[in-house]
file data.cif (mmCIF, C-alpha atoms)
data_target
loop_
_atom_site.label_atom_id
_atom_site.label_comp_id
_atom_site.auth_asym_id
_atom_site.auth_seq_id
_atom_site.Cartn_x
_atom_site.Cartn_y
_atom_site.Cartn_z
CA MET A 14 9.55 10.52 14.07
CA THR A 15 5.94 10.13 13.24
CA ILE A 16 4.95 8.96 9.80
CA THR A 17 1.44 9.85 8.74
CA ILE A 18 -0.31 7.68 6.17
CA PHE A 19 -2.97 9.55 4.25
CA LYS A 20 -6.05 7.35 3.36
CA LYS A 21 -8.55 8.01 0.60
CA PRO A 22 -11.64 6.29 1.94
CA ASN A 23 -13.95 7.45 -0.82
CA GLY A 24 -11.68 6.05 -3.53
CA ILE A 25 -11.30 2.71 -1.74
CA LYS A 26 -15.06 2.46 -1.36
CA ARG A 27 -15.56 3.19 -5.05
CA ILE A 28 -13.08 0.47 -6.02
CA ALA A 29 -14.68 -2.07 -3.66
CA ALA A 30 -18.12 -1.27 -5.01
CA ALA A 31 -16.92 -1.69 -8.59
CA VAL A 32 -15.33 -5.06 -7.80
CA LEU A 33 -18.51 -6.23 -6.05
CA ALA A 34 -20.70 -5.11 -8.94
CA ALA A 35 -18.50 -6.91 -11.45
CA ALA A 36 -18.60 -10.10 -9.39
CA THR A 37 -22.37 -9.86 -9.16
CA LEU A 38 -22.74 -9.42 -12.91
CA ILE A 39 -20.53 -12.44 -13.57
CA SER A 40 -22.55 -14.48 -11.08
CA VAL A 41 -25.90 -13.43 -12.62
CA ALA A 42 -24.65 -14.12 -16.13
CA ALA A 43 -23.47 -17.57 -15.10
CA CYS A 44 -26.82 -18.34 -13.45
CA GLY A 45 -28.70 -17.12 -16.50
CA SER A 46 -26.63 -19.32 -18.77
CA SER A 47 -27.18 -22.33 -16.53
CA ASN A 48 -30.94 -21.80 -16.32
CA SER A 49 -31.23 -21.35 -20.07
CA ALA A 50 -29.35 -24.58 -20.73
CA SER A 51 -31.44 -26.38 -18.14
CA ALA A 52 -34.67 -25.18 -19.75
CA SER A 53 -33.63 -26.26 -23.22
CA ASN A 54 -32.71 -29.74 -22.00
CA SER A 55 -35.63 -30.21 -19.62
CA LEU A 56 -37.38 -32.70 -21.93
CA ASN A 57 -34.31 -34.87 -22.38
CA THR A 58 -33.42 -37.91 -20.32
CA THR A 59 -30.37 -38.45 -18.13
CA LYS A 60 -29.04 -41.97 -17.78
CA GLY A 61 -30.14 -43.52 -14.53
CA LYS A 62 -32.57 -40.70 -13.72
CA THR A 63 -36.27 -40.08 -14.31
CA THR A 64 -37.44 -36.90 -16.05
CA THR A 65 -40.75 -35.52 -14.78
CA ILE A 66 -43.14 -34.09 -17.38
CA THR A 67 -46.28 -32.11 -16.53
CA VAL A 68 -49.11 -32.54 -19.05
CA GLY A 69 -51.93 -30.00 -19.12
CA VAL A 70 -55.44 -31.46 -19.47
CA CYS A 71 -59.06 -30.34 -19.17
CA ALA A 72 -61.94 -32.10 -17.46
CA GLY A 73 -62.72 -35.31 -19.32
CA PRO A 74 -61.09 -38.55 -20.46
CA TYR A 75 -57.70 -37.32 -21.64
CA GLY A 76 -56.23 -36.79 -18.19
CA ASP A 77 -57.24 -40.39 -17.43
CA MET A 78 -55.72 -41.52 -20.72
CA VAL A 79 -52.43 -39.89 -19.75
CA LYS A 80 -52.43 -41.48 -16.29
CA LYS A 81 -53.70 -44.94 -17.20
CA VAL A 82 -52.21 -45.57 -20.64
CA ILE A 83 -49.61 -43.07 -21.82
CA ALA A 84 -47.69 -42.58 -18.54
CA PRO A 85 -47.08 -46.30 -17.87
CA LEU A 86 -45.86 -46.82 -21.43
CA LEU A 87 -43.42 -43.89 -21.28
CA LYS A 88 -41.99 -44.89 -17.90
CA GLU A 89 -39.63 -47.36 -19.54
CA ASP A 90 -38.25 -44.47 -21.62
CA GLY A 91 -37.28 -42.62 -18.45
CA PHE A 92 -40.24 -40.26 -18.14
CA GLU A 93 -42.67 -39.79 -15.28
CA LEU A 94 -45.86 -38.03 -16.35
CA LYS A 95 -48.13 -36.06 -14.07
CA THR A 96 -51.17 -34.01 -15.07
CA LYS A 97 -52.32 -30.48 -14.33
CA LEU A 98 -56.04 -29.78 -14.68
CA PHE A 99 -57.29 -26.59 -16.36
CA ASN A 100 -60.88 -25.38 -16.43
CA ASP A 101 -60.96 -23.83 -19.91
CA TYR A 102 -59.55 -24.25 -23.41
CA VAL A 103 -57.32 -21.16 -23.21
CA GLN A 104 -54.89 -21.67 -20.33
CA PRO A 105 -53.40 -25.08 -21.28
CA ASN A 106 -51.83 -23.65 -24.44
CA LYS A 107 -50.71 -20.43 -22.76
CA ALA A 108 -49.19 -22.38 -19.87
CA LEU A 109 -47.36 -24.61 -22.35
CA ALA A 110 -46.05 -21.65 -24.33
CA SER A 111 -44.78 -20.01 -21.13
CA GLY A 112 -43.01 -23.20 -20.05
CA SER A 113 -44.96 -23.75 -16.83
CA ILE A 114 -46.01 -27.15 -18.22
CA GLN A 115 -44.16 -29.30 -20.75
CA ALA A 116 -47.00 -30.76 -22.83
CA ASN A 117 -50.78 -30.85 -23.14
CA LEU A 118 -53.53 -33.17 -24.31
CA PHE A 119 -56.96 -31.55 -24.48
CA GLN A 120 -57.56 -30.18 -28.00
CA HIS A 121 -58.15 -31.34 -31.53
CA GLY A 122 -55.97 -30.39 -34.48
CA ASN A 123 -58.27 -27.68 -35.86
CA TYR A 124 -58.36 -25.91 -32.48
CA LEU A 125 -54.56 -26.06 -32.12
CA LYS A 126 -54.10 -24.57 -35.59
CA LYS A 127 -56.53 -21.70 -35.00
CA PHE A 128 -55.50 -20.92 -31.41
CA THR A 129 -51.77 -20.83 -32.14
CA ALA A 130 -52.33 -18.61 -35.18
CA ASP A 131 -54.62 -16.21 -33.29
CA ASN A 132 -52.28 -16.00 -30.29
CA LYS A 133 -48.95 -16.30 -32.14
CA LEU A 134 -47.80 -19.34 -30.13
CA ASP A 135 -45.12 -21.76 -31.30
CA LEU A 136 -46.67 -25.13 -30.41
CA THR A 137 -46.62 -28.39 -32.38
CA SER A 138 -48.55 -31.67 -32.33
CA LEU A 139 -46.55 -34.85 -31.76
CA GLY A 140 -49.42 -37.04 -32.95
CA GLN A 141 -53.03 -38.05 -32.43
CA THR A 142 -54.79 -40.02 -29.71
CA PRO A 143 -58.16 -41.83 -29.68
CA THR A 144 -60.93 -39.23 -29.40
CA LEU A 145 -64.45 -39.14 -28.00
CA GLY A 146 -66.47 -37.19 -30.54
CA LEU A 147 -68.77 -34.24 -29.98
CA GLY A 148 -72.35 -35.33 -29.35
CA ILE A 149 -75.83 -33.86 -29.62
CA TYR A 150 -77.56 -34.36 -26.25
CA SER A 151 -81.03 -33.56 -24.93
CA LYS A 152 -83.11 -34.21 -21.84
CA LYS A 153 -86.23 -33.36 -23.82
CA TYR A 154 -85.89 -35.22 -27.11
CA LYS A 155 -85.09 -38.84 -27.92
CA SER A 156 -84.06 -38.42 -31.57
CA ILE A 157 -83.02 -35.76 -34.08
CA LYS A 158 -86.39 -35.93 -35.85
CA ASP A 159 -88.16 -35.10 -32.57
CA ILE A 160 -86.50 -31.68 -32.31
CA LYS A 161 -89.27 -29.11 -32.66
CA ASP A 162 -89.45 -25.79 -34.45
CA GLY A 163 -87.95 -22.96 -32.40
CA SER A 164 -85.94 -25.21 -30.05
CA THR A 165 -83.01 -23.63 -28.22
CA VAL A 166 -79.63 -25.21 -28.99
CA SER A 167 -76.45 -24.43 -27.03
CA ILE A 168 -73.05 -24.75 -28.69
CA ALA A 169 -69.46 -23.81 -27.74
CA ASN A 170 -68.50 -20.16 -28.14
CA ASP A 171 -64.78 -20.67 -28.92
CA GLY A 172 -64.10 -20.28 -32.62
CA SER A 173 -62.95 -23.78 -33.49
CA ASN A 174 -65.59 -25.70 -31.52
CA LEU A 175 -68.31 -23.31 -32.63
CA ALA A 176 -67.50 -24.12 -36.25
CA ARG A 177 -67.26 -27.81 -35.38
CA SER A 178 -70.71 -27.74 -33.73
CA LEU A 179 -72.27 -26.03 -36.74
CA GLY A 180 -70.72 -28.73 -38.90
CA VAL A 181 -72.38 -31.44 -36.78
CA LEU A 182 -75.73 -29.65 -37.02
CA GLN A 183 -75.25 -29.58 -40.78
CA GLN A 184 -74.38 -33.30 -40.81
CA GLN A 185 -77.79 -33.94 -39.24
CA GLY A 186 -79.66 -31.64 -41.64
CA LEU A 187 -80.59 -29.17 -38.90
CA VAL A 188 -78.84 -26.23 -40.56
CA LYS A 189 -77.13 -25.55 -43.86
CA LEU A 190 -74.00 -23.41 -44.07
CA LYS A 191 -73.15 -21.05 -46.92
CA GLY A 192 -71.44 -22.89 -49.72
CA GLU A 193 -68.33 -20.73 -49.78
CA VAL A 194 -67.66 -20.74 -46.02
CA ASP A 195 -64.67 -22.56 -44.50
CA ALA A 196 -66.26 -25.26 -42.34
CA THR A 197 -63.46 -24.90 -39.77
CA LYS A 198 -64.11 -21.15 -39.31
CA ALA A 199 -67.90 -20.95 -39.57
CA THR A 200 -69.95 -18.76 -37.23
CA VAL A 201 -73.69 -18.44 -36.71
CA ASP A 202 -73.62 -15.69 -39.37
CA ASP A 203 -72.65 -18.35 -41.91
CA ILE A 204 -75.92 -20.26 -41.51
CA ALA A 205 -77.67 -20.09 -44.87
CA SER A 206 -80.69 -22.20 -43.93
CA ASN A 207 -82.28 -23.01 -40.56
CA PRO A 208 -85.43 -25.01 -41.43
CA LYS A 209 -86.47 -25.58 -37.80
CA ASN A 210 -85.76 -21.98 -36.77
CA LEU A 211 -83.39 -23.19 -34.07
CA LYS A 212 -82.32 -20.58 -31.54
CA ILE A 213 -78.54 -20.95 -31.39
CA LYS A 214 -77.03 -20.00 -28.03
CA THR A 215 -73.23 -19.82 -27.79
CA ILE A 216 -71.71 -20.40 -24.33
CA ASP A 217 -68.45 -21.53 -22.77
CA ALA A 218 -67.76 -25.16 -23.67
CA ALA A 219 -67.33 -26.10 -20.00
CA GLN A 220 -70.95 -25.08 -19.33
CA LEU A 221 -72.58 -27.03 -22.18
CA ALA A 222 -73.43 -30.20 -20.25
CA ARG A 223 -74.92 -28.13 -17.42
CA SER A 224 -76.95 -26.11 -19.93
CA LEU A 225 -79.05 -29.22 -20.67
CA ASP A 226 -81.24 -28.17 -17.73
CA THR A 227 -82.15 -24.89 -19.44
CA VAL A 228 -82.00 -25.54 -23.20
CA ASP A 229 -83.65 -28.10 -25.45
CA VAL A 230 -80.48 -29.44 -27.07
CA ALA A 231 -76.75 -29.07 -26.38
CA LEU A 232 -73.74 -29.99 -28.50
CA VAL A 233 -71.09 -31.16 -26.02
CA PRO A 234 -67.43 -31.87 -26.90
CA GLY A 235 -66.26 -35.33 -25.81
CA ASN A 236 -64.07 -34.30 -22.90
CA TYR A 237 -66.88 -32.36 -21.23
CA SER A 238 -69.54 -35.00 -21.94
CA TRP A 239 -67.22 -37.56 -20.33
CA ALA A 240 -66.66 -35.36 -17.27
CA ALA A 241 -70.43 -34.87 -16.94
CA LYS A 242 -70.96 -38.63 -17.26
CA LEU A 243 -73.12 -38.26 -20.37
CA ASP A 244 -73.39 -41.66 -22.04
CA PRO A 245 -72.36 -41.40 -25.74
CA SER A 246 -74.93 -44.10 -26.52
CA SER A 247 -77.65 -41.71 -25.29
CA ALA A 248 -76.62 -38.95 -27.71
CA LEU A 249 -79.12 -38.05 -30.42
CA ALA A 250 -76.12 -38.17 -32.76
CA LEU A 251 -72.32 -38.16 -32.64
CA GLU A 252 -70.15 -36.23 -35.07
CA LYS A 253 -68.63 -37.93 -38.05
CA GLN A 254 -64.99 -37.41 -37.18
CA ASP A 255 -62.43 -36.22 -39.67
CA ASP A 256 -58.71 -35.66 -39.24
CA GLY A 257 -59.13 -32.13 -37.87
CA VAL A 258 -61.21 -33.13 -34.84
CA ILE A 259 -58.93 -35.88 -33.51
CA GLU A 260 -57.16 -34.97 -30.24
CA VAL A 261 -53.46 -34.14 -30.44
CA PHE A 262 -50.56 -34.40 -27.96
CA VAL A 263 -48.76 -31.05 -28.01
CA VAL A 264 -45.38 -29.61 -26.98
CA ARG A 265 -43.49 -26.41 -27.70
CA THR A 266 -41.99 -26.59 -31.19
CA GLN A 267 -38.46 -26.32 -29.77
CA ASN A 268 -39.04 -29.63 -27.94
CA VAL A 269 -40.35 -31.70 -30.85
CA ASP A 270 -36.95 -33.35 -31.34
CA SER A 271 -36.16 -33.72 -27.63
CA ASP A 272 -35.93 -37.20 -26.12
CA PHE A 273 -39.48 -36.78 -24.83
CA GLY A 274 -40.79 -35.56 -28.18
CA LYS A 275 -39.27 -38.50 -30.00
CA ALA A 276 -40.56 -40.99 -27.42
CA VAL A 277 -44.13 -39.67 -27.66
CA LYS A 278 -44.14 -39.59 -31.47
CA LYS A 279 -42.96 -43.19 -31.55
CA LEU A 280 -45.45 -44.31 -28.90
CA LEU A 281 -48.57 -42.81 -30.48
CA VAL A 282 -48.22 -44.94 -33.62
CA SER A 283 -46.96 -48.07 -31.87
CA GLN A 284 -48.74 -51.38 -31.58
CA LYS A 285 -48.27 -51.39 -27.80
CA PHE A 286 -50.27 -48.15 -27.56
CA LYS A 287 -53.04 -49.56 -29.76
CA ASP A 288 -53.15 -52.74 -27.67
CA ALA A 289 -53.28 -50.76 -24.41
CA ILE A 290 -56.15 -48.63 -25.73
CA ALA A 291 -58.01 -51.76 -26.88
CA LYS A 292 -57.94 -53.05 -23.28
CA SER A 293 -58.97 -49.74 -21.75
CA GLU A 294 -62.15 -47.71 -21.16
CA PHE A 295 -61.19 -45.67 -24.23
CA LYS A 296 -61.51 -48.60 -26.65
CA ASP A 297 -64.65 -47.25 -28.39
CA PHE A 298 -63.26 -43.75 -29.01
CA GLY A 299 -62.75 -42.58 -32.57
CA LYS A 300 -59.35 -43.74 -33.82
CA PRO A 301 -56.50 -41.57 -35.18
CA THR A 302 -56.23 -41.42 -38.95
CA THR A 303 -52.66 -42.74 -38.60
CA TRP A 304 -53.87 -46.08 -37.21
#

call {"tool": "encode", "arguments": {"input": "data.cif", "output": "structure tokens"}}
result
Amino acid sequence: MTITIFKKPNGIKRIAAAVLAAATLISVAACGSSNSASASNSLNTTKGKTTTITVGVCAGPYGDMVKKVIAPLLKEDGFELKTKLFNDYVQPNKALASGSIQANLFQHGNYLKKFTADNKLDLTSLGQTPTLGLGIYSKKYKSIKDIKDGSTVSIANDGSNLARSLGVLQQQGLVKLKGEVDATKATVDDIASNPKNLKIKTIDAAQLARSLDTVDVALVPGNYSWAAKLDPSSALALEKQDDGVIEVFVVRTQNVDSDFGKAVKKLLVSQKFKDAIAKSEFKDFGKPTTW
């Protein structure tokens, strides 16, 4: 006698597909959970292992400060620091917010405050570092009093450094800002008096040192003057630094209390950091207000 077994291939296929899909979902969910946990703990140390941290920097002294001073001092805490160079003031904060880097050191406090507010980024300063101030440079003039009527002056076009530059011009009596204006948010429209009829030209901060070949005077932030090998002693004047224009070491707010965040906060106010700076090429930079 022949026994015939009737198969239902379509049903079996549907069941197999459902099982496979469920397994895939479980696998993806598990991977997602693992990655999320890994990301949240990426700035913490593991006993016996070294945690690598990428610090975003711009052209100038702060990448060197990370490599020569900060990195060696944090090595004993289990962290290895490497730097990533950016060519503008925008990408280091966006890269940090996205998680492609873990920290940055390139901006002063006023810039951080304005940029994070304008771009709705959740970034926080861990503390200040020694800072090379913005300087007034010229290939044409030897002193502030030599600047002639109608001279062209280039300044940074980003909001924070534009306001900062106008403040330095005001410090030197070259312009006067409106009394009611916030000095950290000033624009060229807030100039109330311009006794020498200066022609203010706003350009990208990275181009300011190069602009000295085509303008009479340029106000160059410290990191770019350093990169261009402009000697601060040759500046017509250097800014009088206040708390808002001191460079800050920044991480995502969620990492402030990580092992790395705590180690950096402790280091930046430590005597060993002050001593290391005193023996370095950064010894004459403006000092943090916390020192």

call {"tool": "resolve_selection", "arguments": {"input": "data.cif", "expression": "the PyMOL selection byres ((chain A and resi 277-290) around 7)", "output": "list in words"}}
result
Val82, Leu139, Gly140, Gln141, Thr142, Phe273, Gly274, Lys275, Ala276, Ala291, Lys292, Ser293, Phe295, Lys296 and Trp304 of chain A

call {"tool": "write_last_selection", "arguments": {"input": "data.cif", "atoms": "C-alpha atoms", "output": "PDB file, in the coordinates of the input"}}
result
ATOM      1  CA  VAL A  82     -52.210 -45.570 -20.640  1.00  0.00           C
ATOM      2  CA  LEU A 139     -46.550 -34.850 -31.760  1.00  0.00           C
ATOM      3  CA  GLY A 140     -49.420 -37.040 -32.950  1.00  0.00           C
ATOM      4  CA  GLN A 141     -53.030 -38.050 -32.430  1.00  0.00           C
ATOM      5  CA  THR A 142     -54.790 -40.020 -29.710  1.00  0.00           C
ATOM      6  CA  PHE A 273     -39.480 -36.780 -24.830  1.00  0.00           C
ATOM      7  CA  GLY A 274     -40.790 -35.560 -28.180  1.00  0.00           C
ATOM      8  CA  LYS A 275     -39.270 -38.500 -30.000  1.00  0.00           C
ATOM      9  CA  ALA A 276     -40.560 -40.990 -27.420  1.00  0.00           C
ATOM     10  CA  ALA A 291     -58.010 -51.760 -26.880  1.00  0.00           C
ATOM     11  CA  LYS A 292     -57.940 -53.050 -23.280  1.00  0.00           C
ATOM     12  CA  SER A 293     -58.970 -49.740 -21.750  1.00  0.00           C
ATOM     13  CA  PHE A 295     -61.190 -45.670 -24.230  1.00  0.00           C
ATOM     14  CA  LYS A 296     -61.510 -48.600 -26.650  1.00  0.00           C
ATOM     15  CA  TRP A 304     -53.870 -46.080 -37.210  1.00  0.00           C
TER      16      TRP A 304
END

call {"tool": "closest_residue", "arguments": {"input": "data.cif", "among": "A:Val68, A:Ile83, A:Leu179, A:Ala248", "to": "Leu98 (chain A)", "atoms": "all atoms listed in the file"}}
result
A:Val68

call {"tool": "atom_distance", "arguments": {"input": "data.cif", "atom1": "CA of Gln184 (chain A)", "atom2": "CA of Tyr102 (chain A)"}}
result
24.6 Å

call {"tool": "resolve_selection", "arguments": {"input": "data.cif", "expression": "the PyMOL selection byres ((chain A and resi 258) around 8)", "output": "list in words"}}
result
His121, Gly122, Asn123, Gly146, Gln254, Asp255, Asp256, Gly257, Ile259 and Glu260 of chain A

call {"tool": "atom_distance", "arguments": {"input": "data.cif", "atom1": "CA of Gly76 (chain A)", "atom2": "CA of Ala240 (chain A)"}}
result
10.6 Å

call {"tool": "resolve_selection", "arguments": {"input": "data.cif", "expression": "the PyMOL selection byres ((chain A and resi 267) around 12)", "output": "PyMOL selection string"}}
result
chain A and resi 52-56+109-110+112+115-116+134-139+263-266+268-274

call {"tool": "closest_residue", "arguments": {"input": "data.cif", "among": "A:Lys95, A:Lys60, A:Lys242, A:Lys107", "to": "Thr129 (chain A)", "atoms": "all atoms listed in the file"}}
result
A:Lys107

call {"tool": "closest_residue", "arguments": {"input": "data.cif", "among": "A:Tyr124, A:Trp239, A:Tyr154, A:Phe92", "to": "Ile66 (chain A)", "atoms": "only C-alpha atoms"}}
result
A:Phe92

call {"tool": "atom_distance", "arguments": {"input": "data.cif", "atom1": "CA of Thr144 (chain A)", "atom2": "CA of Asp131 (chain A)"}}
result
24.2 Å

call {"tool": "residues_around", "arguments": {"input": "data.cif", "residues": "Cys71 (chain A)", "least_positions_apart": "3", "cutoff": "7 Å", "atoms": "all atoms listed in the file", "output": "mmCIF file with C-alpha atoms, in the coordinates of the input"}}
result
data_model
loop_
_atom_site.group_PDB
_atom_site.id
_atom_site.type_symbol
_atom_site.label_atom_id
_atom_site.label_comp_id
_atom_site.auth_asym_id
_atom_site.auth_seq_id
_atom_site.Cartn_x
_atom_site.Cartn_y
_atom_site.Cartn_z
ATOM 1 C CA LEU A 98 -56.040 -29.780 -14.680
ATOM 2 C CA PHE A 99 -57.290 -26.590 -16.360
ATOM 3 C CA ASN A 100 -60.880 -25.380 -16.430
ATOM 4 C CA ASP A 101 -60.960 -23.830 -19.910
ATOM 5 C CA PHE A 119 -56.960 -31.550 -24.480
#
